[in-house]
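**Student:** So here's coords-v1.cif, just mmCIF, C-alpha atoms:
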```cif
data_target
#
loop_
_atom_site.group_PDB
_atom_site.id
_atom_site.type_symbol
_atom_site.label_atom_id
_atom_site.label_comp_id
_atom_site.auth_asym_id
_atom_site.auth_seq_id
_atom_site.Cartn_x
_atom_site.Cartn_y
_atom_site.Cartn_z
ATOM 1 C CA MET Z 1 161.802 212.186 86.652
ATOM 2 C CA SER Z 2 161.318 211.365 82.963
ATOM 3 C CA VAL Z 3 158.494 209.120 81.767
ATOM 4 C CA GLU Z 4 161.135 206.571 80.779
ATOM 5 C CA THR Z 5 162.801 206.562 84.174
ATOM 6 C CA ALA Z 6 159.414 206.213 85.855
ATOM 7 C CA ALA Z 7 158.588 203.202 83.662
ATOM 8 C CA ILE Z 8 161.900 201.521 84.514
ATOM 9 C CA GLU Z 9 161.507 202.151 88.238
ATOM 10 C CA THR Z 10 157.984 200.735 88.090
ATOM 11 C CA VAL Z 11 159.300 197.484 86.604
ATOM 12 C CA ASN Z 12 162.035 197.529 89.250
ATOM 13 C CA GLN Z 13 159.357 197.757 91.959
ATOM 14 C CA GLU Z 14 157.531 194.826 90.339
ATOM 15 C CA PHE Z 15 160.752 192.831 90.512
ATOM 16 C CA TYR Z 16 161.048 193.324 94.271
ATOM 17 C CA SER Z 17 157.285 192.872 94.790
ATOM 18 C CA ALA Z 18 157.572 189.529 93.012
ATOM 19 C CA ILE Z 19 160.188 188.402 95.548
ATOM 20 C CA GLU Z 20 158.171 189.712 98.515
ATOM 21 C CA SER Z 21 155.004 187.943 97.384
ATOM 22 C CA ALA Z 22 156.854 184.843 96.136
ATOM 23 C CA ASP Z 23 155.111 185.357 92.790
ATOM 24 C CA LEU Z 24 157.087 183.336 90.248
ATOM 25 C CA ASP Z 25 154.685 184.292 87.421
ATOM 26 C CA LYS Z 26 155.366 187.976 87.999
ATOM 27 C CA MET Z 27 159.095 187.248 88.260
ATOM 28 C CA THR Z 28 158.939 185.397 84.934
ATOM 29 C CA GLU Z 29 157.329 188.463 83.320
ATOM 30 C CA VAL Z 30 159.931 190.888 84.686
ATOM 31 C CA TRP Z 31 162.908 189.087 83.118
ATOM 32 C CA ALA Z 32 163.819 189.582 79.456
ATOM 33 C CA GLU Z 33 163.967 186.676 77.031
ATOM 34 C CA ASP Z 34 167.301 185.102 76.137
ATOM 35 C CA THR Z 35 168.355 185.763 72.556
ATOM 36 C CA ALA Z 36 170.061 183.360 70.145
ATOM 37 C CA ASP Z 37 173.484 184.649 71.207
ATOM 38 C CA ASP Z 38 173.003 186.107 74.663
ATOM 39 C CA GLN Z 39 171.460 185.166 77.967
ATOM 40 C CA VAL Z 40 170.108 187.049 80.957
ATOM 41 C CA SER Z 41 172.230 186.783 84.083
ATOM 42 C CA CYS Z 42 171.814 187.023 87.825
ATOM 43 C CA VAL Z 43 174.125 187.160 90.840
ATOM 44 C CA HIS Z 44 172.539 186.602 94.257
ATOM 45 C CA PRO Z 45 174.542 187.903 97.257
ATOM 46 C CA GLY Z 46 177.466 185.532 97.819
ATOM 47 C CA TRP Z 47 176.549 183.301 94.864
ATOM 48 C CA THR Z 48 178.411 182.939 91.624
ATOM 49 C CA LEU Z 49 176.887 184.033 88.306
ATOM 50 C CA LEU Z 50 173.788 182.307 86.942
ATOM 51 C CA SER Z 51 173.090 182.538 83.193
ATOM 52 C CA GLY Z 52 169.970 182.054 81.116
ATOM 53 C CA ARG Z 53 166.265 182.394 81.947
ATOM 54 C CA SER Z 54 165.910 178.783 82.958
ATOM 55 C CA GLU Z 55 168.729 178.785 85.505
ATOM 56 C CA VAL Z 56 167.870 182.267 86.796
ATOM 57 C CA LEU Z 57 164.151 181.579 87.285
ATOM 58 C CA ARG Z 58 164.943 178.232 88.910
ATOM 59 C CA SER Z 59 167.101 180.078 91.462
ATOM 60 C CA TRP Z 60 164.240 182.455 92.255
ATOM 61 C CA ALA Z 61 161.853 179.519 92.697
ATOM 62 C CA LEU Z 62 164.360 178.004 95.132
ATOM 63 C CA ILE Z 63 164.727 181.267 97.074
ATOM 64 C CA MET Z 64 160.958 181.780 97.214
ATOM 65 C CA ALA Z 65 160.438 178.211 98.447
ATOM 66 C CA ASN Z 66 162.954 178.757 101.251
ATOM 67 C CA THR Z 67 161.834 182.236 102.351
ATOM 68 C CA THR Z 68 159.023 182.565 104.872
ATOM 69 C CA TYR Z 69 159.025 186.366 104.930
ATOM 70 C CA ILE Z 70 161.033 189.042 103.141
ATOM 71 C CA GLN Z 71 160.541 192.776 102.781
ATOM 72 C CA PHE Z 72 162.576 195.250 100.740
ATOM 73 C CA VAL Z 73 162.931 198.956 101.389
ATOM 74 C CA LEU Z 74 164.855 200.465 98.481
ATOM 75 C CA THR Z 75 167.041 203.518 98.988
ATOM 76 C CA ASP Z 76 169.537 205.383 96.773
ATOM 77 C CA VAL Z 77 167.659 204.383 93.614
ATOM 78 C CA ASN Z 78 169.492 205.829 90.616
ATOM 79 C CA THR Z 79 168.588 205.181 86.991
ATOM 80 C CA THR Z 80 170.703 205.946 83.930
ATOM 81 C CA VAL Z 81 169.096 205.474 80.515
ATOM 82 C CA LEU Z 82 171.629 204.701 77.764
ATOM 83 C CA GLY Z 83 169.572 204.298 74.593
ATOM 84 C CA ASP Z 84 167.681 201.011 74.823
ATOM 85 C CA VAL Z 85 169.496 199.996 77.998
ATOM 86 C CA ALA Z 86 169.077 201.302 81.528
ATOM 87 C CA VAL Z 87 171.369 200.804 84.498
ATOM 88 C CA LEU Z 88 169.553 201.063 87.831
ATOM 89 C CA THR Z 89 171.485 200.942 91.078
ATOM 90 C CA CYS Z 90 169.895 200.801 94.498
ATOM 91 C CA VAL Z 91 170.406 199.705 98.065
ATOM 92 C CA GLU Z 92 168.133 196.889 99.216
ATOM 93 C CA ASN Z 93 167.376 197.259 102.915
ATOM 94 C CA ILE Z 94 166.083 193.785 103.685
ATOM 95 C CA LEU Z 95 164.029 192.440 106.556
ATOM 96 C CA THR Z 96 163.596 188.672 106.713
ATOM 97 C CA ALA Z 97 162.010 186.267 109.144
ATOM 98 C CA GLY Z 98 164.526 184.028 110.829
ATOM 99 C CA GLU Z 99 164.218 180.270 110.685
ATOM 100 C CA GLU Z 100 162.961 180.023 114.262
ATOM 101 C CA GLY Z 101 159.612 181.568 113.437
ATOM 102 C CA GLU Z 102 157.866 184.855 112.919
ATOM 103 C CA SER Z 103 159.092 186.433 116.134
ATOM 104 C CA SER Z 104 162.697 186.370 114.872
ATOM 105 C CA PHE Z 105 163.775 188.868 112.253
ATOM 106 C CA ALA Z 106 167.052 189.628 110.568
ATOM 107 C CA ALA Z 107 168.014 192.842 108.782
ATOM 108 C CA GLY Z 108 170.552 193.129 106.020
ATOM 109 C CA LYS Z 109 171.816 195.479 103.374
ATOM 110 C CA VAL Z 110 172.535 194.547 99.764
ATOM 111 C CA VAL Z 111 173.722 196.809 96.963
ATOM 112 C CA ALA Z 112 172.164 195.955 93.609
ATOM 113 C CA SER Z 113 172.883 196.782 89.990
ATOM 114 C CA ASN Z 114 169.961 196.024 87.707
ATOM 115 C CA VAL Z 115 170.285 196.331 83.942
ATOM 116 C CA TYR Z 116 167.034 196.722 82.015
ATOM 117 C CA ILE Z 117 166.531 196.560 78.249
ATOM 118 C CA ARG Z 118 163.775 198.068 76.137
ATOM 119 C CA THR Z 119 161.596 195.410 74.505
ATOM 120 C CA GLY Z 120 158.313 195.342 72.598
ATOM 121 C CA GLN Z 121 156.650 194.523 75.946
ATOM 122 C CA GLY Z 122 158.314 197.397 77.802
ATOM 123 C CA TRP Z 123 161.457 197.453 79.922
ATOM 124 C CA ARG Z 124 162.615 194.012 81.022
ATOM 125 C CA LEU Z 125 165.379 192.870 83.367
ATOM 126 C CA TRP Z 126 168.573 191.731 81.631
ATOM 127 C CA MET Z 127 170.902 191.439 84.608
ATOM 128 C CA HIS Z 128 170.571 191.547 88.382
ATOM 129 C CA HIS Z 129 173.677 191.692 90.549
ATOM 130 C CA GLY Z 130 173.215 191.856 94.298
ATOM 131 C CA SER Z 131 176.111 191.848 96.747
ATOM 132 C CA PRO Z 132 176.328 191.977 100.532
ATOM 133 C CA VAL Z 133 177.441 195.235 102.130
ATOM 134 C CA LEU Z 134 179.977 194.189 104.737
ATOM 135 C CA GLN Z 135 181.330 197.654 105.560
ATOM 136 C CA GLY Z 136 179.664 200.090 107.900
ATOM 137 C CA ASP Z 137 178.175 203.378 106.757
ATOM 138 C CA ASP Z 138 181.196 205.249 108.057
ATOM 139 C CA ASP Z 139 183.634 203.707 105.565
ATOM 140 C CA ASP Z 140 184.280 207.066 103.933
ATOM 141 C CA ASP Z 141 185.593 208.430 107.204
ATOM 142 C CA GLU Z 142 187.726 205.351 107.743
ATOM 143 C CA GLU Z 143 189.204 205.729 104.266
ATOM 144 C CA ASP Z 144 190.064 209.338 104.969
ATOM 145 C CA GLY Z 145 191.830 208.235 108.113
ATOM 146 C CA GLU Z 146 193.863 205.610 106.280
ATOM 147 C CA LEU Z 147 194.969 208.057 103.615
ATOM 148 C CA GLU Z 148 196.192 210.476 106.222
ATOM 149 C CA HIS Z 149 198.588 207.996 107.838
ATOM 150 C CA MET O 1 184.233 186.779 68.349
ATOM 151 C CA SER O 2 183.094 190.025 66.698
ATOM 152 C CA VAL O 3 185.429 193.000 66.297
ATOM 153 C CA GLU O 4 183.243 194.870 68.768
ATOM 154 C CA THR O 5 183.410 192.162 71.410
ATOM 155 C CA ALA O 6 187.180 191.942 70.968
ATOM 156 C CA ALA O 7 187.503 195.706 71.487
ATOM 157 C CA ILE O 8 185.419 195.562 74.680
ATOM 158 C CA GLU O 9 187.367 192.615 76.074
ATOM 159 C CA THR O 10 190.623 194.444 75.328
ATOM 160 C CA VAL O 11 189.486 197.417 77.413
ATOM 161 C CA ASN O 12 188.378 194.969 80.094
ATOM 162 C CA GLN O 13 191.883 193.486 80.161
ATOM 163 C CA GLU O 14 193.308 197.018 80.452
ATOM 164 C CA PHE O 15 191.051 197.588 83.443
ATOM 165 C CA TYR O 16 192.471 194.553 85.284
ATOM 166 C CA SER O 17 196.033 195.297 84.117
ATOM 167 C CA ALA O 18 195.666 198.776 85.624
ATOM 168 C CA ILE O 19 194.837 197.214 88.997
ATOM 169 C CA GLU O 20 197.684 194.682 88.744
ATOM 170 C CA SER O 21 200.249 197.355 87.873
ATOM 171 C CA ALA O 22 198.730 199.964 90.234
ATOM 172 C CA ASP O 23 198.548 202.307 87.237
ATOM 173 C CA LEU O 24 196.078 205.040 88.193
ATOM 174 C CA ASP O 25 196.593 206.879 84.877
ATOM 175 C CA LYS O 26 195.511 203.801 82.931
ATOM 176 C CA MET O 27 192.589 203.323 85.340
ATOM 177 C CA THR O 28 191.566 206.948 84.756
ATOM 178 C CA GLU O 29 191.539 206.324 80.983
ATOM 179 C CA VAL O 30 189.436 203.161 81.256
ATOM 180 C CA TRP O 31 186.543 204.849 83.058
ATOM 181 C CA ALA O 32 183.929 206.875 81.152
ATOM 182 C CA GLU O 33 183.284 210.527 81.940
ATOM 183 C CA ASP O 34 180.330 211.499 84.108
ATOM 184 C CA THR O 35 177.601 213.330 82.212
ATOM 185 C CA ALA O 36 175.532 216.278 83.379
ATOM 186 C CA ASP O 37 172.817 213.944 84.669
ATOM 187 C CA ASP O 38 174.528 210.638 85.290
ATOM 188 C CA GLN O 39 177.610 209.312 87.005
ATOM 189 C CA VAL O 40 179.772 206.224 86.682
ATOM 190 C CA SER O 41 179.470 203.773 89.566
ATOM 191 C CA CYS O 42 181.524 201.093 91.238
ATOM 192 C CA VAL O 43 180.934 198.398 93.853
ATOM 193 C CA HIS O 44 184.006 196.732 95.350
ATOM 194 C CA PRO O 45 183.434 193.327 97.014
ATOM 195 C CA GLY O 46 181.703 193.937 100.333
ATOM 196 C CA TRP O 47 181.562 197.713 99.858
ATOM 197 C CA THR O 48 178.527 199.825 99.231
ATOM 198 C CA LEU O 49 178.040 201.723 95.963
ATOM 199 C CA LEU O 50 180.413 204.513 94.969
ATOM 200 C CA SER O 51 179.212 207.133 92.447
ATOM 201 C CA GLY O 52 181.013 209.577 90.195
ATOM 202 C CA ARG O 53 184.510 209.536 88.673
ATOM 203 C CA SER O 54 186.055 211.383 91.568
ATOM 204 C CA GLU O 55 184.832 209.006 94.267
ATOM 205 C CA VAL O 56 185.431 205.899 92.142
ATOM 206 C CA LEU O 57 189.010 206.816 91.139
ATOM 207 C CA ARG O 58 189.788 207.806 94.710
ATOM 208 C CA SER O 59 188.748 204.305 95.836
ATOM 209 C CA TRP O 60 191.075 202.724 93.268
ATOM 210 C CA ALA O 61 193.945 204.932 94.433
ATOM 211 C CA LEU O 62 193.263 203.731 97.974
ATOM 212 C CA ILE O 63 193.167 200.071 96.932
ATOM 213 C CA MET O 64 196.346 200.417 94.877
ATOM 214 C CA ALA O 65 198.128 202.113 97.791
ATOM 215 C CA ASN O 66 197.180 199.255 100.109
ATOM 216 C CA THR O 67 197.914 196.324 97.760
ATOM 217 C CA THR O 68 201.443 194.958 97.584
ATOM 218 C CA TYR O 69 200.672 192.311 94.959
ATOM 219 C CA ILE O 70 197.537 191.302 93.067
ATOM 220 C CA GLN O 71 196.996 189.099 90.038
ATOM 221 C CA PHE O 72 193.753 188.395 88.173
ATOM 222 C CA VAL O 73 192.981 185.335 86.092
ATOM 223 C CA LEU O 74 189.644 185.919 84.383
ATOM 224 C CA THR O 75 187.353 183.019 83.546
ATOM 225 C CA ASP O 76 183.784 182.759 82.227
ATOM 226 C CA VAL O 77 184.124 186.049 80.334
ATOM 227 C CA ASN O 78 180.856 186.764 78.567
ATOM 228 C CA THR O 79 180.066 189.931 76.627
ATOM 229 C CA THR O 80 176.662 191.089 75.414
ATOM 230 C CA VAL O 81 176.537 194.129 73.141
ATOM 231 C CA LEU O 82 173.244 196.044 73.371
ATOM 232 C CA GLY O 83 173.587 198.975 70.972
ATOM 233 C CA ASP O 84 176.029 201.459 72.495
ATOM 234 C CA VAL O 85 176.164 199.551 75.772
ATOM 235 C CA ALA O 86 177.904 196.288 76.584
ATOM 236 C CA VAL O 87 177.429 194.062 79.612
ATOM 237 C CA LEU O 88 180.487 191.959 80.378
ATOM 238 C CA THR O 89 180.381 189.364 83.136
ATOM 239 C CA CYS O 90 183.380 187.410 84.352
ATOM 240 C CA VAL O 91 184.844 185.554 87.287
ATOM 241 C CA GLU O 92 187.944 187.165 88.808
ATOM 242 C CA ASN O 93 190.251 184.488 90.210
ATOM 243 C CA ILE O 94 192.452 186.598 92.431
ATOM 244 C CA LEU O 95 195.852 185.940 93.957
ATOM 245 C CA THR O 96 197.093 188.517 96.464
ATOM 246 C CA ALA O 97 200.109 188.798 98.720
ATOM 247 C CA GLY O 98 199.196 188.644 102.390
ATOM 248 C CA GLU O 99 200.203 191.400 104.754
ATOM 249 C CA GLU O 100 203.018 189.346 106.262
ATOM 250 C CA GLY O 101 205.151 189.570 103.151
ATOM 251 C CA GLU O 102 205.711 187.995 99.786
ATOM 252 C CA SER O 103 205.844 184.442 101.055
ATOM 253 C CA SER O 104 202.172 184.594 102.096
ATOM 254 C CA PHE O 105 199.499 184.472 99.416
ATOM 255 C CA ALA O 106 195.713 184.431 99.486
ATOM 256 C CA ALA O 107 193.379 183.267 96.745
ATOM 257 C CA GLY O 108 189.846 184.485 96.242
ATOM 258 C CA LYS O 109 187.006 184.444 93.782
ATOM 259 C CA VAL O 110 184.905 187.444 92.806
ATOM 260 C CA VAL O 111 182.105 187.606 90.258
ATOM 261 C CA ALA O 112 182.046 190.858 88.303
ATOM 262 C CA SER O 113 179.567 192.676 86.098
ATOM 263 C CA ASN O 114 181.164 195.408 84.020
ATOM 264 C CA VAL O 115 179.048 197.754 81.918
ATOM 265 C CA TYR O 116 180.858 199.513 79.071
ATOM 266 C CA ILE O 117 179.567 202.369 76.904
ATOM 267 C CA ARG O 118 180.613 203.384 73.417
ATOM 268 C CA THR O 119 182.284 206.810 73.362
ATOM 269 C CA GLY O 120 184.256 208.881 70.850
ATOM 270 C CA GLN O 121 187.412 207.449 72.445
ATOM 271 C CA GLY O 122 186.233 203.847 72.232
ATOM 272 C CA TRP O 123 184.512 201.659 74.816
ATOM 273 C CA ARG O 124 184.758 203.007 78.357
ATOM 274 C CA LEU O 125 183.726 201.558 81.721
ATOM 275 C CA TRP O 126 180.428 202.872 83.060
ATOM 276 C CA MET O 127 179.879 200.501 85.977
ATOM 277 C CA HIS O 128 181.906 197.874 87.787
ATOM 278 C CA HIS O 129 180.234 195.603 90.326
ATOM 279 C CA GLY O 130 182.341 192.964 92.032
ATOM 280 C CA SER O 131 180.998 190.650 94.712
ATOM 281 C CA PRO O 132 182.560 187.875 96.769
ATOM 282 C CA VAL O 133 181.670 184.286 95.884
ATOM 283 C CA LEU O 134 180.943 182.661 99.233
ATOM 284 C CA GLN O 135 179.411 179.432 97.930
ATOM 285 C CA GLY O 136 181.437 176.482 96.681
ATOM 286 C CA ASP O 137 181.427 175.348 93.075
ATOM 287 C CA ASP O 138 179.138 172.446 93.926
ATOM 288 C CA ASP O 139 176.190 174.679 94.843
ATOM 289 C CA ASP O 140 174.144 173.405 91.918
ATOM 290 C CA ASP O 141 174.302 169.891 93.298
ATOM 291 C CA GLU O 142 173.405 171.108 96.759
ATOM 292 C CA GLU O 143 170.414 172.958 95.371
ATOM 293 C CA ASP O 144 169.255 169.827 93.596
ATOM 294 C CA GLY O 145 169.549 167.972 96.871
ATOM 295 C CA GLU O 146 167.465 170.521 98.719
ATOM 296 C CA LEU O 147 164.735 170.461 96.134
ATOM 297 C CA GLU O 148 164.478 166.681 96.361
ATOM 298 C CA HIS O 149 163.800 166.637 100.113
#
```
Please lay out the structure from this file as structure tokens.

**Tutor:**
Amino acid sequence: MSVETAAIETVNQEFYSAIESADLDKMTEVWAEDTADDQVSCVHPGWTLLSGRSEVLRSWALIMANTTYIQFVLTDVNTTVLGDVAVLTCVENILTAGEEGESSFAAGKVVASNVYIRTGQGWRLWMHHGSPVLQGDDDDDEEDGELEH
Amino acid sequence: MSVETAAIETVNQEFYSAIESADLDKMTEVWAEDTADDQVSCVHPGWTLLSGRSEVLRSWALIMANTTYIQFVLTDVNTTVLGDVAVLTCVENILTAGEEGESSFAAGKVVASNVYIRTGQGWRLWMHHGSPVLQGDDDDDEEDGELEH
């Protein structure tokens, strides 16, 4: 792994740590600044697109306020560096506490695309897009079957 | 709109036209080539991540083969150029024919993040991530309500 890739994946870990620890200050640091012309953007699973630091950070504050427990195990982390931009894709294996209390847990799987940009302060998050995985792991086999009809 | 942004949004239109007309050749042209180290990637709504031209184009062939009619009306198109990379976000307002025949239609909304890269042949698609919008348009108001409890 290159030094650059390692730096990006470290910031990516900080992003998910910020959610796990409901640390809005850390989350604020992870996101890039809006520019005069362009804004950061974020899609939470099942939500529509949010644009701009203010709206995006407000959504994270809302999620943190309504989450008693959340844990991420990232798999399939893949990082492509394209000049001053990096595209990181990963699968978020999520464990959350249900609303009934700590003895109830729910597991879920989200696929995420995270775009990072190089700034004077290091790599910062420009876009996060998370979407629910509704298919099973055996979808490849199912597709093969359909094609053979 | 800059010349660059116009060029990217033209390729983006070609991408959706390729789906509408089930034109796999055009779809093949729109996507960038994999490199030695990195691969293009694609997330269809509800699917997990697909990687590499071969797997991605195969999924489009499958979708085209199983779609009798599909029409996209794009809204909220926003393009950010970051050097040789562009991040385009948009809402796909989709009309499809139901399985029962042409008299049955279904409407849906998908939010998409499309990452384009500059190549010798022009801008090409490096990543497509589409996810279903499950919330209504009035989610902002609902969020306000929750925060005021």

**Student:** Is it possible to see chain O as a compact mmCIF listing (two decimals) with C-alpha atoms, in the coordinates of the input, once it has been laid onto chain Z by a least-squares fit on every C-alpha atom in order?

**Tutor:**
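Contents of part-v8.txt, as written:
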```txt
# COMPACT_ATOMS: atom_id res chain seq x y z
CA MET O 1 161.81 212.20 86.64
CA SER O 2 161.32 211.37 82.95
CA VAL O 3 158.49 209.11 81.76
CA GLU O 4 161.12 206.57 80.77
CA THR O 5 162.80 206.55 84.16
CA ALA O 6 159.41 206.21 85.85
CA ALA O 7 158.57 203.20 83.66
CA ILE O 8 161.89 201.52 84.51
CA GLU O 9 161.50 202.15 88.24
CA THR O 10 157.97 200.73 88.09
CA VAL O 11 159.29 197.48 86.62
CA ASN O 12 162.02 197.52 89.25
CA GLN O 13 159.36 197.75 91.97
CA GLU O 14 157.52 194.83 90.34
CA PHE O 15 160.74 192.83 90.50
CA TYR O 16 161.04 193.32 94.28
CA SER O 17 157.28 192.88 94.81
CA ALA O 18 157.56 189.52 93.03
CA ILE O 19 160.18 188.41 95.55
CA GLU O 20 158.17 189.72 98.52
CA SER O 21 154.99 187.96 97.39
CA ALA O 22 156.84 184.85 96.14
CA ASP O 23 155.09 185.37 92.80
CA LEU O 24 157.07 183.35 90.25
CA ASP O 25 154.68 184.30 87.41
CA LYS O 26 155.35 187.99 87.99
CA MET O 27 159.09 187.25 88.26
CA THR O 28 158.91 185.39 84.93
CA GLU O 29 157.30 188.46 83.31
CA VAL O 30 159.91 190.88 84.67
CA TRP O 31 162.87 189.08 83.11
CA ALA O 32 163.78 189.57 79.44
CA GLU O 33 163.92 186.65 77.02
CA ASP O 34 167.26 185.10 76.13
CA THR O 35 168.32 185.74 72.54
CA ALA O 36 170.01 183.35 70.14
CA ASP O 37 173.44 184.62 71.19
CA ASP O 38 172.97 186.09 74.63
CA GLN O 39 171.42 185.15 77.94
CA VAL O 40 170.08 187.03 80.93
CA SER O 41 172.21 186.77 84.06
CA CYS O 42 171.81 187.00 87.80
CA VAL O 43 174.12 187.15 90.81
CA HIS O 44 172.55 186.60 94.23
CA PRO O 45 174.55 187.89 97.23
CA GLY O 46 177.46 185.52 97.79
CA TRP O 47 176.55 183.30 94.84
CA THR O 48 178.40 182.93 91.60
CA LEU O 49 176.88 184.01 88.28
CA LEU O 50 173.78 182.29 86.91
CA SER O 51 173.07 182.51 83.16
CA GLY O 52 169.94 182.03 81.08
CA ARG O 53 166.24 182.38 81.93
CA SER O 54 165.88 178.77 82.94
CA GLU O 55 168.71 178.77 85.48
CA VAL O 56 167.86 182.26 86.78
CA LEU O 57 164.13 181.57 87.28
CA ARG O 58 164.92 178.24 88.89
CA SER O 59 167.09 180.07 91.45
CA TRP O 60 164.23 182.45 92.26
CA ALA O 61 161.85 179.52 92.70
CA LEU O 62 164.35 178.02 95.13
CA ILE O 63 164.73 181.28 97.07
CA MET O 64 160.97 181.80 97.22
CA ALA O 65 160.44 178.23 98.45
CA ASN O 66 162.96 178.77 101.25
CA THR O 67 161.85 182.26 102.37
CA THR O 68 159.04 182.58 104.88
CA TYR O 69 159.03 186.38 104.94
CA ILE O 70 161.05 189.06 103.14
CA GLN O 71 160.56 192.79 102.78
CA PHE O 72 162.61 195.26 100.74
CA VAL O 73 162.95 198.97 101.38
CA LEU O 74 164.88 200.46 98.47
CA THR O 75 167.07 203.52 98.96
CA ASP O 76 169.57 205.37 96.75
CA VAL O 77 167.68 204.36 93.59
CA ASN O 78 169.50 205.80 90.60
CA THR O 79 168.59 205.15 86.97
CA THR O 80 170.69 205.92 83.90
CA VAL O 81 169.08 205.45 80.50
CA LEU O 82 171.60 204.67 77.74
CA GLY O 83 169.55 204.26 74.56
CA ASP O 84 167.64 200.98 74.80
CA VAL O 85 169.47 199.98 77.97
CA ALA O 86 169.06 201.28 81.50
CA VAL O 87 171.37 200.79 84.47
CA LEU O 88 169.56 201.05 87.79
CA THR O 89 171.50 200.93 91.04
CA CYS O 90 169.92 200.79 94.47
CA VAL O 91 170.44 199.70 98.04
CA GLU O 92 168.15 196.88 99.20
CA ASN O 93 167.40 197.25 102.91
CA ILE O 94 166.11 193.79 103.68
CA LEU O 95 164.05 192.46 106.57
CA THR O 96 163.62 188.69 106.71
CA ALA O 97 162.03 186.29 109.16
CA GLY O 98 164.57 184.03 110.83
CA GLU O 99 164.23 180.28 110.66
CA GLU O 100 162.96 180.04 114.23
CA GLY O 101 159.63 181.60 113.40
CA GLU O 102 157.90 184.91 112.93
CA SER O 103 159.15 186.43 116.16
CA SER O 104 162.75 186.38 114.89
CA PHE O 105 163.81 188.89 112.26
CA ALA O 106 167.09 189.67 110.55
CA ALA O 107 168.05 192.87 108.77
CA GLY O 108 170.58 193.13 105.99
CA LYS O 109 171.87 195.48 103.35
CA VAL O 110 172.57 194.55 99.74
CA VAL O 111 173.74 196.80 96.93
CA ALA O 112 172.18 195.95 93.58
CA SER O 113 172.88 196.77 89.95
CA ASN O 114 169.95 196.01 87.68
CA VAL O 115 170.27 196.31 83.91
CA TYR O 116 167.01 196.71 81.99
CA ILE O 117 166.49 196.54 78.22
CA ARG O 118 163.74 198.05 76.12
CA THR O 119 161.55 195.39 74.49
CA GLY O 120 158.24 195.31 72.61
CA GLN O 121 156.59 194.51 75.96
CA GLY O 122 158.27 197.38 77.80
CA TRP O 123 161.42 197.44 79.91
CA ARG O 124 162.59 193.99 81.01
CA LEU O 125 165.36 192.86 83.35
CA TRP O 126 168.53 191.72 81.61
CA MET O 127 170.88 191.42 84.59
CA HIS O 128 170.55 191.53 88.35
CA HIS O 129 173.66 191.67 90.52
CA GLY O 130 173.22 191.85 94.27
CA SER O 131 176.13 191.84 96.70
CA PRO O 132 176.35 191.98 100.49
CA VAL O 133 177.46 195.25 102.09
CA LEU O 134 180.00 194.18 104.69
CA GLN O 135 181.40 197.62 105.51
CA GLY O 136 179.70 200.08 107.84
CA ASP O 137 178.26 203.38 106.68
CA ASP O 138 181.24 205.26 108.08
CA ASP O 139 183.72 203.71 105.63
CA ASP O 140 184.38 207.05 103.97
CA ASP O 141 185.64 208.46 107.24
CA GLU O 142 187.77 205.41 107.85
CA GLU O 143 189.29 205.74 104.40
CA ASP O 144 190.12 209.36 105.07
CA GLY O 145 191.80 208.29 108.28
CA GLU O 146 193.91 205.69 106.52
CA LEU O 147 195.04 208.11 103.88
CA GLU O 148 196.18 210.60 106.51
CA HIS O 149 198.53 208.16 108.26
```

**Student:** Run the PyMOL selection byres ((chain O) within 7 of (chain Z)) on the file and write out the hits as a count of residues only.

**Tutor:** 12

**Student:** So what do you get for CA of Phe105 in chain O versus CA of Ile70 in chain O, distance-wise?

**Tutor:**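 We find that CA of Phe105 in chain O and CA of Ile70 in chain O lie 9.5 Å from each other.
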
**Student:** Please provide as a list in words all residues within 8 Å of Val30 in chain Z, with the sequence filter that same-chain residues fewer than 2 positions apart are discarded (counting only C-alpha atoms).

**Tutor:**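 Result of the neighbour search: Val11, Glu14, Phe15, Lys26, Met27, Thr28, Ala32, Arg124 and Leu125 of chain Z.
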
**Student:** One decimal, Å: what's the distance from CA of Glu20 in chain O over to CA of Gly108 in chain O, could you say?

**Tutor:**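 Computing it gives 14.9 Å between the two atoms.
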
**Student:** Quick check, in Å to one decimal: how far apart do CA of Trp31 in chain Z and CA of Arg53 in chain Z lie?

**Tutor:**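 These atoms are spaced 7.6 Å apart.
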